[in-house]
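Heads up, coords18.txt below (compact mmCIF, C-alpha atoms):
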```txt
# COMPACT_ATOMS: atom_id res chain seq x y z
CA MET C 19 24.15 82.93 12.85
CA ARG C 20 27.30 81.34 14.31
CA TRP C 21 24.99 78.96 16.23
CA ILE C 22 23.03 78.15 13.04
CA HIS C 23 26.23 77.54 11.07
CA ALA C 24 27.61 75.34 13.85
CA ALA C 25 24.35 73.42 14.05
CA GLY C 26 24.36 73.05 10.29
CA ARG C 27 27.90 71.72 10.33
CA GLY C 28 26.96 69.35 13.18
CA LEU C 29 23.92 68.14 11.30
CA LEU C 30 26.03 67.59 8.19
CA VAL C 31 28.55 65.57 10.22
CA LEU C 32 25.70 63.57 11.76
CA VAL C 33 24.22 62.85 8.33
CA VAL C 34 27.61 61.78 6.99
CA VAL C 35 28.24 59.55 10.01
CA MET C 36 24.77 57.98 9.87
CA THR C 37 25.05 57.49 6.12
CA GLY C 38 28.35 55.71 6.59
CA TYR C 39 26.88 53.61 9.41
CA ILE C 40 23.87 52.57 7.35
CA ALA C 41 26.04 51.79 4.34
CA SER C 42 28.40 49.78 6.53
CA GLY C 43 25.47 47.91 8.06
CA ALA C 44 24.03 47.18 4.64
CA ARG C 45 27.37 45.82 3.49
CA ALA C 46 27.51 43.58 6.55
CA GLY C 47 23.94 42.44 5.98
CA GLU C 48 22.74 44.08 9.20
CA GLY C 49 20.68 46.92 7.82
CA ALA C 50 17.89 44.97 6.12
CA PRO C 51 14.45 45.48 7.74
CA HIS C 52 13.58 42.77 10.27
CA GLY C 53 16.86 40.96 9.53
CA ARG C 54 15.79 39.96 6.04
CA GLY C 55 17.97 39.48 2.98
CA PRO C 56 19.86 36.90 0.91
CA LEU C 57 20.92 33.61 2.49
CA THR C 58 23.33 30.76 1.99
CA LEU C 59 22.16 27.22 2.81
CA ALA C 60 24.85 24.61 3.41
CA THR C 61 24.00 20.92 3.13
CA ALA C 62 25.58 17.56 2.51
CA GLY C 63 25.60 16.42 -1.11
CA ASP C 64 22.09 16.04 -2.52
CA LEU C 65 22.08 12.45 -3.77
CA THR C 66 18.71 12.73 -5.54
CA GLY C 67 19.08 16.27 -6.88
CA TYR C 68 15.79 17.48 -5.46
CA LEU C 69 16.83 20.40 -3.26
CA GLY C 70 17.99 22.90 -5.90
CA PRO C 71 14.67 22.86 -7.81
CA LEU C 72 12.77 23.00 -4.50
CA LEU C 73 14.62 26.17 -3.48
CA GLU C 74 13.81 27.76 -6.83
CA GLY C 75 10.21 27.99 -5.59
CA TRP C 76 11.36 30.04 -2.59
CA ASN C 77 13.57 32.27 -4.76
CA ARG C 78 10.74 33.05 -7.17
CA THR C 79 8.44 34.21 -4.39
CA HIS C 80 11.12 35.83 -2.18
CA PRO C 81 13.34 37.79 -4.61
CA GLY C 82 14.82 39.88 -1.80
CA GLU C 83 15.70 36.78 0.24
CA ARG C 84 17.23 34.55 -2.41
CA VAL C 85 18.96 31.39 -1.21
CA THR C 86 22.28 30.19 -2.57
CA LEU C 87 22.72 26.43 -2.11
CA VAL C 88 26.17 25.17 -1.15
CA GLU C 89 26.55 21.39 -1.45
CA LEU C 90 29.29 19.83 0.65
CA PRO C 91 30.48 16.21 0.24
CA ASP C 92 27.84 13.48 0.64
CA SER C 93 29.95 11.81 3.35
CA ALA C 94 28.67 12.84 6.79
CA ASP C 95 32.20 12.97 8.20
CA GLU C 96 33.48 15.25 5.44
CA THR C 97 30.43 17.51 5.66
CA HIS C 98 30.89 17.78 9.42
CA ALA C 99 34.55 18.70 8.98
CA GLN C 100 33.80 21.44 6.44
CA MET C 101 30.90 22.89 8.42
CA THR C 102 32.81 23.04 11.70
CA THR C 103 35.85 24.60 10.01
CA ASP C 104 33.59 27.31 8.58
CA LEU C 105 31.70 27.90 11.84
CA ARG C 106 34.92 28.35 13.79
CA GLY C 107 35.46 31.44 11.65
CA GLY C 108 32.75 33.25 13.64
CA ASP C 109 31.40 36.25 11.77
CA ARG C 110 33.50 35.30 8.75
CA SER C 111 31.37 32.18 8.24
CA ARG C 112 29.87 31.79 4.76
CA PHE C 113 26.80 29.83 5.86
CA ASP C 114 23.55 31.25 7.23
CA VAL C 115 21.33 28.15 7.40
CA LEU C 116 22.80 24.71 8.07
CA ASN C 117 21.20 21.40 7.15
CA ILE C 118 22.87 19.33 9.86
CA ASP C 119 22.79 15.68 10.79
CA VAL C 120 20.38 15.18 13.69
CA ASN C 121 23.22 14.16 15.95
CA TRP C 122 25.22 17.34 15.49
CA THR C 123 22.61 19.54 17.18
CA SER C 124 24.01 19.06 20.68
CA GLU C 125 27.60 19.60 19.58
CA PHE C 126 26.85 22.74 17.55
CA ALA C 127 24.64 24.20 20.29
CA ALA C 128 27.19 23.54 23.04
CA ALA C 129 29.88 25.21 20.93
CA GLY C 130 27.73 28.32 20.44
CA TRP C 131 27.67 27.94 16.66
CA ILE C 132 23.89 27.90 16.25
CA ARG C 133 21.28 30.13 17.85
CA PRO C 134 18.24 29.13 19.95
CA LEU C 135 14.93 29.25 18.08
CA PRO C 136 11.42 30.13 19.34
CA ARG C 137 9.24 27.03 19.46
CA ASP C 138 6.06 28.92 18.61
CA ARG C 139 7.41 29.94 15.21
CA PHE C 140 7.42 26.40 13.83
CA PRO C 141 4.70 23.69 13.53
CA LEU C 142 6.38 21.23 15.90
CA ARG C 143 3.07 19.63 16.97
CA THR C 144 2.50 18.38 13.42
CA PHE C 145 5.78 16.43 13.42
CA LEU C 146 6.37 12.80 14.38
CA PRO C 147 7.08 13.12 18.14
CA PRO C 148 10.55 11.51 18.36
CA VAL C 149 12.09 13.83 15.78
CA VAL C 150 11.64 16.97 17.88
CA ASP C 151 13.96 15.63 20.58
CA THR C 152 16.82 15.51 18.06
CA ALA C 153 16.55 19.30 17.64
CA THR C 154 16.93 20.20 21.32
CA TYR C 155 19.86 20.67 23.65
CA ASP C 156 19.66 21.36 27.37
CA GLY C 157 15.90 21.84 27.10
CA GLN C 158 16.14 24.51 24.37
CA LEU C 159 15.16 24.27 20.69
CA TYR C 160 18.29 24.87 18.58
CA ALA C 161 17.09 23.54 15.23
CA VAL C 162 13.95 22.43 13.41
CA PRO C 163 13.50 18.86 12.13
CA TYR C 164 13.57 18.76 8.33
CA VAL C 165 13.77 15.11 7.31
CA THR C 166 13.72 12.05 9.49
CA ASN C 167 14.97 8.55 8.90
CA ALA C 168 15.04 5.09 10.37
CA GLY C 169 16.97 2.08 9.19
CA LEU C 170 14.99 -0.66 7.45
CA LEU C 171 15.82 -4.19 6.39
CA LEU C 172 15.47 -4.43 2.61
CA TYR C 173 15.15 -7.92 1.23
CA ARG C 174 14.65 -9.78 -2.04
CA LYS C 175 11.01 -10.76 -1.75
CA ASP C 176 11.16 -12.80 -4.98
CA VAL C 177 13.90 -15.02 -3.53
CA LEU C 178 12.19 -15.51 -0.17
CA ALA C 179 8.90 -16.25 -1.94
CA ARG C 180 10.55 -19.05 -3.95
CA GLU C 181 11.89 -20.49 -0.71
CA GLY C 182 8.52 -20.13 1.01
CA VAL C 183 9.90 -18.18 3.98
CA PRO C 184 8.78 -14.83 5.42
CA PRO C 185 11.21 -11.94 5.91
CA PRO C 186 13.27 -12.35 9.09
CA ARG C 187 12.05 -10.88 12.38
CA THR C 188 14.98 -12.03 14.53
CA TRP C 189 18.75 -12.13 14.25
CA ALA C 190 18.66 -15.93 14.22
CA GLU C 191 16.30 -15.95 11.22
CA LEU C 192 18.37 -13.34 9.40
CA GLU C 193 21.57 -15.28 10.03
CA ARG C 194 19.99 -18.59 8.93
CA ASP C 195 18.61 -17.19 5.68
CA ALA C 196 21.75 -15.20 4.86
CA ARG C 197 23.88 -18.30 5.44
CA THR C 198 21.72 -20.89 3.67
CA ILE C 199 19.45 -19.21 1.10
CA ALA C 200 21.73 -16.49 -0.30
CA PRO C 201 24.42 -18.87 -1.65
CA LYS C 202 21.77 -20.90 -3.56
CA TYR C 203 21.07 -17.80 -5.65
CA GLY C 204 24.66 -16.59 -5.96
CA LEU C 205 24.03 -13.74 -3.53
CA ASP C 206 25.88 -12.30 -0.57
CA GLY C 207 23.88 -12.68 2.63
CA TYR C 208 23.66 -9.43 4.57
CA ALA C 209 25.31 -6.01 4.56
CA GLY C 210 25.04 -2.65 6.23
CA GLN C 211 27.42 0.28 6.27
CA PHE C 212 30.58 -1.09 7.84
CA LEU C 213 33.35 1.21 6.61
CA PRO C 214 34.76 3.10 9.60
CA TYR C 215 32.76 6.34 9.25
CA GLU C 216 29.49 7.67 10.69
CA GLY C 217 27.49 4.86 9.09
CA LEU C 218 29.35 2.27 11.17
CA THR C 219 28.49 4.22 14.33
CA VAL C 220 24.82 3.98 13.32
CA ASN C 221 24.98 0.25 12.56
CA ALA C 222 26.81 -0.47 15.82
CA ALA C 223 24.37 1.61 17.87
CA GLU C 224 21.42 -0.21 16.29
CA ALA C 225 22.93 -3.57 17.19
CA VAL C 226 23.53 -2.46 20.80
CA TYR C 227 20.07 -0.86 21.13
CA SER C 228 18.33 -3.88 19.59
CA ALA C 229 19.94 -6.10 22.21
CA GLY C 230 18.59 -3.81 24.94
CA GLY C 231 21.73 -1.80 25.63
CA THR C 232 22.81 1.84 25.48
CA ILE C 233 26.08 3.67 24.86
CA LEU C 234 25.85 6.98 26.74
CA GLY C 235 23.46 8.54 29.22
CA ASP C 236 22.80 12.02 30.61
CA GLU C 237 23.69 13.76 27.32
CA GLY C 238 27.17 12.24 27.28
CA ALA C 239 28.04 12.63 30.95
CA ARG C 240 27.68 8.91 31.74
CA VAL C 241 29.09 5.89 29.86
CA THR C 242 26.74 2.90 29.79
CA VAL C 243 28.17 0.72 27.03
CA ASN C 244 29.95 -1.88 29.17
CA SER C 245 27.08 -4.38 29.21
CA ALA C 246 26.06 -7.85 28.10
CA ALA C 247 23.74 -6.23 25.53
CA ALA C 248 26.61 -4.34 23.88
CA ARG C 249 28.70 -7.52 23.74
CA GLU C 250 25.77 -9.37 22.18
CA GLY C 251 25.09 -6.67 19.56
CA ILE C 252 28.69 -6.18 18.46
CA GLY C 253 29.22 -9.93 18.64
CA PHE C 254 26.33 -10.50 16.22
CA LEU C 255 27.98 -8.31 13.57
CA ALA C 256 31.47 -9.68 14.18
CA ARG C 257 30.21 -13.27 13.91
CA GLY C 258 28.59 -12.47 10.57
CA VAL C 259 31.88 -11.29 9.09
CA ARG C 260 33.82 -14.18 10.62
CA GLU C 261 31.37 -16.80 9.30
CA GLY C 262 30.98 -15.15 5.89
CA TRP C 263 27.26 -14.39 5.74
CA ILE C 264 28.34 -10.76 5.99
CA PRO C 265 30.82 -10.49 3.10
CA LYS C 266 34.21 -8.96 3.82
CA ARG C 267 33.61 -6.47 1.01
CA ALA C 268 30.86 -4.98 3.19
CA LEU C 269 33.63 -3.59 5.41
CA THR C 270 34.16 -1.02 2.62
CA TYR C 271 30.48 -0.07 2.22
CA LYS C 272 28.92 3.30 2.90
CA GLU C 273 25.27 4.04 2.06
CA GLU C 274 25.77 4.33 -1.68
CA GLU C 275 28.05 1.33 -2.09
CA SER C 276 25.74 -0.92 -0.12
CA LYS C 277 22.67 0.39 -1.97
CA GLN C 278 24.38 -0.26 -5.30
CA ALA C 279 25.29 -3.83 -4.32
CA PHE C 280 21.64 -4.50 -3.46
CA GLN C 281 20.33 -2.71 -6.54
CA ASP C 282 22.70 -4.67 -8.77
CA GLY C 283 21.23 -7.92 -7.43
CA ARG C 284 24.23 -8.99 -5.34
CA LEU C 285 22.63 -9.03 -1.86
CA LEU C 286 19.77 -10.90 -0.23
CA PHE C 287 19.45 -8.52 2.75
CA LEU C 288 20.51 -4.93 3.29
CA ARG C 289 20.22 -2.52 6.20
CA ASN C 290 19.84 0.98 4.76
CA TRP C 291 17.74 4.13 4.85
CA PRO C 292 14.44 4.29 2.93
CA TYR C 293 15.96 6.22 0.03
CA ALA C 294 17.70 2.99 -0.99
CA TYR C 295 14.30 1.29 -1.32
CA ALA C 296 13.00 4.13 -3.49
CA VAL C 297 16.05 4.19 -5.77
CA ALA C 298 16.30 0.40 -6.08
CA SER C 299 12.58 0.23 -6.93
CA ALA C 300 12.80 2.82 -9.71
CA LYS C 301 12.14 1.95 -13.33
CA GLY C 302 15.19 0.35 -14.91
CA SER C 303 16.60 -1.05 -11.68
CA PRO C 304 17.53 -4.76 -11.96
CA VAL C 305 15.56 -5.47 -8.77
CA ALA C 306 12.55 -3.22 -9.37
CA GLY C 307 9.40 -4.98 -8.17
CA LYS C 308 11.47 -7.64 -6.37
CA ILE C 309 12.15 -5.98 -3.02
CA GLY C 310 10.40 -5.53 0.27
CA ALA C 311 11.12 -3.69 3.53
CA VAL C 312 10.54 -4.64 7.17
CA PRO C 313 11.77 -3.30 10.52
CA LEU C 314 15.28 -4.25 11.51
CA PRO C 315 15.42 -7.61 13.31
CA GLY C 316 16.59 -7.97 16.90
CA PRO C 317 17.51 -10.89 19.15
CA ASP C 318 13.89 -11.85 19.94
CA GLY C 319 11.80 -9.82 17.47
CA PRO C 320 11.89 -6.44 15.79
CA GLY C 321 14.98 -4.47 16.77
CA THR C 322 15.61 -0.77 17.29
CA SER C 323 16.70 1.62 14.58
CA VAL C 324 18.77 4.69 15.14
CA LEU C 325 16.88 7.87 14.37
CA GLY C 326 18.43 9.51 11.34
CA GLY C 327 17.66 12.53 9.24
CA SER C 328 18.64 16.18 9.41
CA ASN C 329 17.69 19.40 11.16
CA LEU C 330 17.79 22.99 9.96
CA ALA C 331 19.73 25.38 12.17
CA VAL C 332 20.61 29.08 12.00
CA ASN C 333 24.23 30.16 12.29
CA THR C 334 24.80 32.39 15.32
CA HIS C 335 26.40 34.88 12.92
CA ALA C 336 23.73 34.60 10.20
CA ARG C 337 23.47 37.81 8.18
CA HIS C 338 19.68 37.77 8.06
CA PRO C 339 18.26 35.68 10.92
CA ASP C 340 14.63 36.54 10.24
CA SER C 341 14.92 35.37 6.65
CA ALA C 342 16.67 32.24 7.92
CA ALA C 343 13.73 31.44 10.20
CA ARG C 344 11.27 32.18 7.39
CA LEU C 345 13.14 29.80 5.07
CA ILE C 346 13.06 27.04 7.70
CA ALA C 347 9.31 27.51 8.16
CA TYR C 348 8.91 27.23 4.37
CA LEU C 349 10.98 24.05 4.14
CA THR C 350 9.03 22.39 6.96
CA GLY C 351 5.61 23.43 5.64
CA ALA C 352 3.15 20.76 4.53
CA ARG C 353 3.47 21.41 0.77
CA VAL C 354 7.25 21.37 0.71
CA GLN C 355 7.44 18.39 3.05
CA ARG C 356 5.37 16.44 0.55
CA MET C 357 7.88 17.36 -2.16
CA VAL C 358 10.76 16.29 0.08
CA LEU C 359 9.25 12.80 -0.14
CA THR C 360 7.98 12.76 -3.73
CA ARG C 361 11.00 14.46 -5.30
CA GLY C 362 13.79 13.60 -2.90
CA ALA C 363 12.67 10.17 -1.66
CA LEU C 364 13.46 11.44 1.84
CA PRO C 365 11.18 10.74 4.83
CA PRO C 366 9.32 13.90 5.88
CA VAL C 367 8.83 14.97 9.47
CA ARG C 368 5.11 15.78 9.07
CA ALA C 369 3.12 12.94 10.66
CA ALA C 370 0.02 13.27 8.43
CA LEU C 371 1.96 12.40 5.27
CA TYR C 372 2.54 8.85 6.54
CA GLU C 373 -1.21 8.23 6.48
CA ASP C 374 -1.90 9.68 3.03
CA PRO C 375 -3.35 6.86 0.84
CA ALA C 376 -1.92 8.29 -2.39
CA LEU C 377 1.56 8.50 -0.91
CA ILE C 378 1.33 5.00 0.55
CA ARG C 379 0.45 3.61 -2.89
CA ARG C 380 3.54 5.29 -4.30
CA PHE C 381 5.80 4.55 -1.32
CA PRO C 382 4.57 1.25 0.16
CA TYR C 383 7.18 1.31 2.91
CA LEU C 384 5.68 4.39 4.62
CA PRO C 385 3.65 2.52 7.30
CA THR C 386 6.72 0.39 8.12
CA LEU C 387 8.89 3.48 8.25
CA ARG C 388 6.45 5.34 10.50
CA ALA C 389 6.49 2.45 12.97
CA ALA C 390 10.29 2.33 12.81
CA VAL C 391 10.63 6.08 13.45
CA LEU C 392 8.21 5.98 16.38
CA ALA C 393 10.22 3.14 17.93
CA ALA C 394 13.66 4.52 17.03
CA ALA C 395 16.27 5.83 19.43
CA PRO C 396 18.65 8.76 18.90
CA ARG C 397 22.36 8.28 18.64
CA PRO C 398 24.25 9.01 21.87
CA LYS C 399 23.83 12.70 22.72
CA SER C 400 27.09 14.43 23.57
CA PRO C 401 28.65 17.85 23.09
CA HIS C 402 31.70 15.86 21.94
CA TYR C 403 29.77 13.69 19.54
CA ASP C 404 32.37 13.81 16.77
CA GLN C 405 34.93 12.26 19.15
CA VAL C 406 32.40 9.72 20.43
CA SER C 407 31.60 8.62 16.90
CA LEU C 408 35.27 8.30 15.92
CA VAL C 409 35.90 6.04 18.92
CA VAL C 410 32.87 3.84 18.17
CA GLN C 411 33.92 3.51 14.52
CA ALA C 412 37.50 2.55 15.30
CA VAL C 413 36.72 0.07 18.07
CA VAL C 414 33.81 -1.67 16.32
CA HIS C 415 35.78 -1.93 13.07
CA ASP C 416 38.55 -3.70 14.97
CA ALA C 417 35.94 -6.15 16.27
CA LEU C 418 34.52 -6.75 12.77
CA THR C 419 37.96 -7.38 11.29
CA GLY C 420 38.89 -9.79 14.09
CA ARG C 421 41.61 -7.61 15.62
CA GLN C 422 39.72 -7.69 18.93
CA THR C 423 37.09 -9.94 20.41
CA PRO C 424 33.68 -8.32 20.98
CA GLU C 425 34.27 -8.59 24.73
CA ALA C 426 37.61 -6.78 24.53
CA ALA C 427 36.16 -4.23 22.14
CA VAL C 428 33.36 -3.32 24.56
CA ARG C 429 35.80 -2.90 27.46
CA ARG C 430 38.00 -0.67 25.31
CA LEU C 431 34.98 1.29 24.13
CA ALA C 432 33.95 1.97 27.73
CA ARG C 433 37.45 3.19 28.64
CA GLU C 434 37.81 5.52 25.66
CA LEU C 435 34.30 6.94 25.96
CA ASP C 436 34.85 7.54 29.67
CA ALA C 437 37.94 9.60 28.84
CA ILE C 438 35.83 11.76 26.51
CA ALA C 439 33.04 12.16 29.07
CA ARG C 440 35.52 13.43 31.67
CA ARG C 441 36.69 16.35 29.48
```
For this file, produce the structure as structure tokens.
Amino acid sequence: MRWIHAAGRGLLVLVVVMTGYIASGARAGEGAPHGRGPLTLATAGDLTGYLGPLLEGWNRTHPGERVTLVELPDSADETHAQMTTDLRGGDRSRFDVLNIDVNWTSEFAAAGWIRPLPRDRFPLRTFLPPVVDTATYDGQLYAVPYVTNAGLLLYRKDVLAREGVPPPRTWAELERDARTIAPKYGLDGYAGQFLPYEGLTVNAAEAVYSAGGTILGDEGARVTVNSAAAREGIGFLARGVREGWIPKRALTYKEEESKQAFQDGRLLFLRNWPYAYAVASAKGSPVAGKIGAVPLPGPDGPGTSVLGGSNLAVNTHARHPDSAARLIAYLTGARVQRMVLTRGALPPVRAALYEDPALIRRFPYLPTLRAAVLAAAPRPKSPHYDQVSLVVQAVVHDALTGRQTPEAAVRRLARELDAIARR
């Protein structure tokens, strides 16, 4: 009897301990079967307001795995700052799934903030080939491509038609038309995103790549920017500001400001992402029906765009990693990818959508965009990408404002990037 009583007391203690363990695990989000449960998705500001309604579809069909959307600022730099601050909190992080800029994958993976993902769980073979590379680091998949992007040259096709000239294919043609045609119609010539932030890094990289140069090699271990091509690319932009066919006000433009200038009818040419074409073409826009899109020009023909877009990653400390992976598979499925385009005006990663006749009728730029994505190059890969980007922004902005010559700017860029690579 003493043995039975002792066993009973031991069993009671075991039950109490296990009950407390299970309750504690449930509170921490660790006790759900197969790692499933509610999620938080963090993303940069949703400029077209499409993502919330899209996630409602998931929440209706997955009531036990509901997603709470957290929108951070629409500025890439501010979003990066808030995400990294949160991720440094380790298991205190609020975010389970992260919608990250394609160029943050290497940095986040190297820091241990996001977890490796199994390739066979996601339909990577259905994606446009270049986008998958943006989701890898050191040969391992750390994220899943969600939307892609490539810069396009938007232009006022009504103005060029009146002048009897085709859209520019080279820098010389762009410069000539921006300098001579734009003033006849009271327009500024050409703009991109030239405020010192991530957008300027993109514009500078495109200029260097289009001239045949590179910035970094070997995933940030080697600096390659000190070249004639880099001097030519940065010199092209600096000359535009100096000669006035790039207006000085463009030095304050991010994506939205430059899109608004074009949409308001103040620009002849604009480098921007495809969403700007979709918004500027919408009913009620002053330039609706008056714009076209072509690949970015280069020195001798079509240039090279930087590959943009975003990838979906899972926080290393995600509460419910299986649900996180299931959500990513949902968001990259064919049906939802179509809605990413039709509702969000964002370029999908699914290759078949670029050949859909109905979508091409609605989004005439799709064939041009597909060609641009297939020919695009990623931004410099580096585990210290945030520092690399800050250096590029600061140095190139000094060249655009005339504080340094393009030649001096490239030498300085090489020195400062080399210091980062040696860390």
Per residue of segment 136-211 of chain C within 12 Å of segment 299-318 of chain C, note the shortest atom pair and the distance in Å to one decimal, counting all atoms listed in the file, and order the rows by chain and increasing residue number, as a Markdown table.
```
| residue | atom | partner | partner_atom | distance |
| --- | --- | --- | --- | --- |
| C:Ala168 | CA | C:Pro313 | CA | 9.0 |
| C:Gly169 | CA | C:Leu314 | CA | 7.0 |
| C:Leu170 | CA | C:Pro313 | CA | 5.2 |
| C:Leu171 | CA | C:Leu314 | CA | 5.1 |
| C:Leu172 | CA | C:Ala311 | CA | 4.5 |
| C:Tyr173 | CA | C:Gly310 | CA | 5.4 |
| C:Arg174 | CA | C:Ile309 | CA | 4.7 |
| C:Lys175 | CA | C:Ile309 | CA | 5.1 |
| C:Asp176 | CA | C:Lys308 | CA | 5.4 |
| C:Val177 | CA | C:Lys308 | CA | 8.3 |
| C:Leu178 | CA | C:Ile309 | CA | 9.9 |
| C:Ala179 | CA | C:Lys308 | CA | 10.0 |
| C:Arg180 | CA | C:Lys308 | CA | 11.7 |
| C:Pro184 | CA | C:Val312 | CA | 10.5 |
| C:Pro185 | CA | C:Val312 | CA | 7.4 |
| C:Pro186 | CA | C:Pro315 | CA | 6.7 |
| C:Arg187 | CA | C:Pro315 | CA | 4.8 |
| C:Thr188 | CA | C:Pro315 | CA | 4.6 |
| C:Trp189 | CA | C:Pro317 | CA | 5.2 |
| C:Ala190 | CA | C:Pro317 | CA | 7.1 |
| C:Glu191 | CA | C:Pro315 | CA | 8.6 |
| C:Leu192 | CA | C:Pro315 | CA | 7.5 |
| C:Glu193 | CA | C:Pro315 | CA | 10.4 |
| C:Gly210 | CA | C:Leu314 | CA | 11.2 |
```
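Picture a line from atom CA of Leu387 of chain C to atom CA of Pro148 of chain C; it runs 13.0 Å.
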Atomic separation - atom CA of Gly420 of chain C relative to atom CA of Ile438 of chain C, Å: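 Atom-to-atom, atom CA of Ile438 of chain C to atom CA of Gly420 of chain C, that is 25.1 Å.
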Leaving out Ala223 of chain C and any residue of its chain fewer than 6 positions from it, which residues lie within 10 Å of it when counting only C-alpha atoms, given as a ChimeraX atom specification? /C:217,229,231-233,243,248,251-252,322-324,395-398,410
Near Gln405 of chain C, counting all atoms listed in the file, which residues have an atom at most 12 Å away, once you skip same-chain residues fewer than 5 positions from it, shown as a PyMOL selection string? chain C and resi 95+98+122+125+215-216+219+238+398-400+410-412+434-439+441
Selection near segment 135-139 of chain C, 12 Å with only C-alpha atoms, sequence-local residues under 5 positions removed, as a PyMOL selection string: chain C and resi 127+150+153-155+157-163+330-334+339-340+342-348+350-351
Distance of atom CA of Arg260 of chain C from atom CA of Ala427 of chain C, expressed in Å to one decimal place: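 Interatomic distance here is 15.4 Å.
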Counting only C-alpha atoms, what is within 9 Å of Gly283 of chain C, bar same-chain residues fewer than 2 positions away, as a list of chain:residue names?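 Once the nearby chain positions are removed, what remains is C:Arg174, C:Leu205, C:Gln278, C:Ala279, C:Phe280, C:Gln281, C:Leu285, C:Leu286, C:Pro304, C:Val305.
Counting all atoms listed in the file, the residue from C:Arg78, C:Arg106, C:Arg380, C:Arg197 that sits nearest to Gly130 of chain C is C:Arg106.
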Which protein, DNA or RNA residues have an atom at most 12 Å from (32.5, 22.1, 12.5), counting only C-alpha atoms? List them as a CSV table (one decimal) with C-alpha atoms, in the coordinates of the input.
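For reference, out_26.csv as written:
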```
chain,number,residue,atom,x,y,z
C,94,ALA,CA,28.7,12.8,6.8
C,95,ASP,CA,32.2,13.0,8.2
C,96,GLU,CA,33.5,15.2,5.4
C,97,THR,CA,30.4,17.5,5.7
C,98,HIS,CA,30.9,17.8,9.4
C,99,ALA,CA,34.6,18.7,9.0
C,100,GLN,CA,33.8,21.4,6.4
C,101,MET,CA,30.9,22.9,8.4
C,102,THR,CA,32.8,23.0,11.7
C,103,THR,CA,35.8,24.6,10.0
C,104,ASP,CA,33.6,27.3,8.6
C,105,LEU,CA,31.7,27.9,11.8
C,106,ARG,CA,34.9,28.4,13.8
C,107,GLY,CA,35.5,31.4,11.6
C,108,GLY,CA,32.8,33.2,13.6
C,111,SER,CA,31.4,32.2,8.2
C,113,PHE,CA,26.8,29.8,5.9
C,116,LEU,CA,22.8,24.7,8.1
C,118,ILE,CA,22.9,19.3,9.9
C,119,ASP,CA,22.8,15.7,10.8
C,122,TRP,CA,25.2,17.3,15.5
C,123,THR,CA,22.6,19.5,17.2
C,125,GLU,CA,27.6,19.6,19.6
C,126,PHE,CA,26.8,22.7,17.6
C,127,ALA,CA,24.6,24.2,20.3
C,128,ALA,CA,27.2,23.5,23.0
C,129,ALA,CA,29.9,25.2,20.9
C,130,GLY,CA,27.7,28.3,20.4
C,131,TRP,CA,27.7,27.9,16.7
C,132,ILE,CA,23.9,27.9,16.2
C,333,ASN,CA,24.2,30.2,12.3
C,402,HIS,CA,31.7,15.9,21.9
C,403,TYR,CA,29.8,13.7,19.5
C,404,ASP,CA,32.4,13.8,16.8
```
Which residue out of C:Phe145, C:Tyr227, C:Tyr293, C:Tyr203 has the minimum interatomic distance to Arg368 of chain C when all atoms listed in the file are used? C:Phe145
With distances taken over all atoms listed in the file, which of C:Asn167, C:Leu90, C:Gly70, C:Val414 is nearest to Trp291 of chain C? C:Asn167
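Residues having any atom no farther than 6 Å from (20.4, -10.0, 5.2) (counting only C-alpha atoms) are Leu192, Ala196, Gly207, Tyr208, Leu286, Phe287 and Leu288 of chain C.
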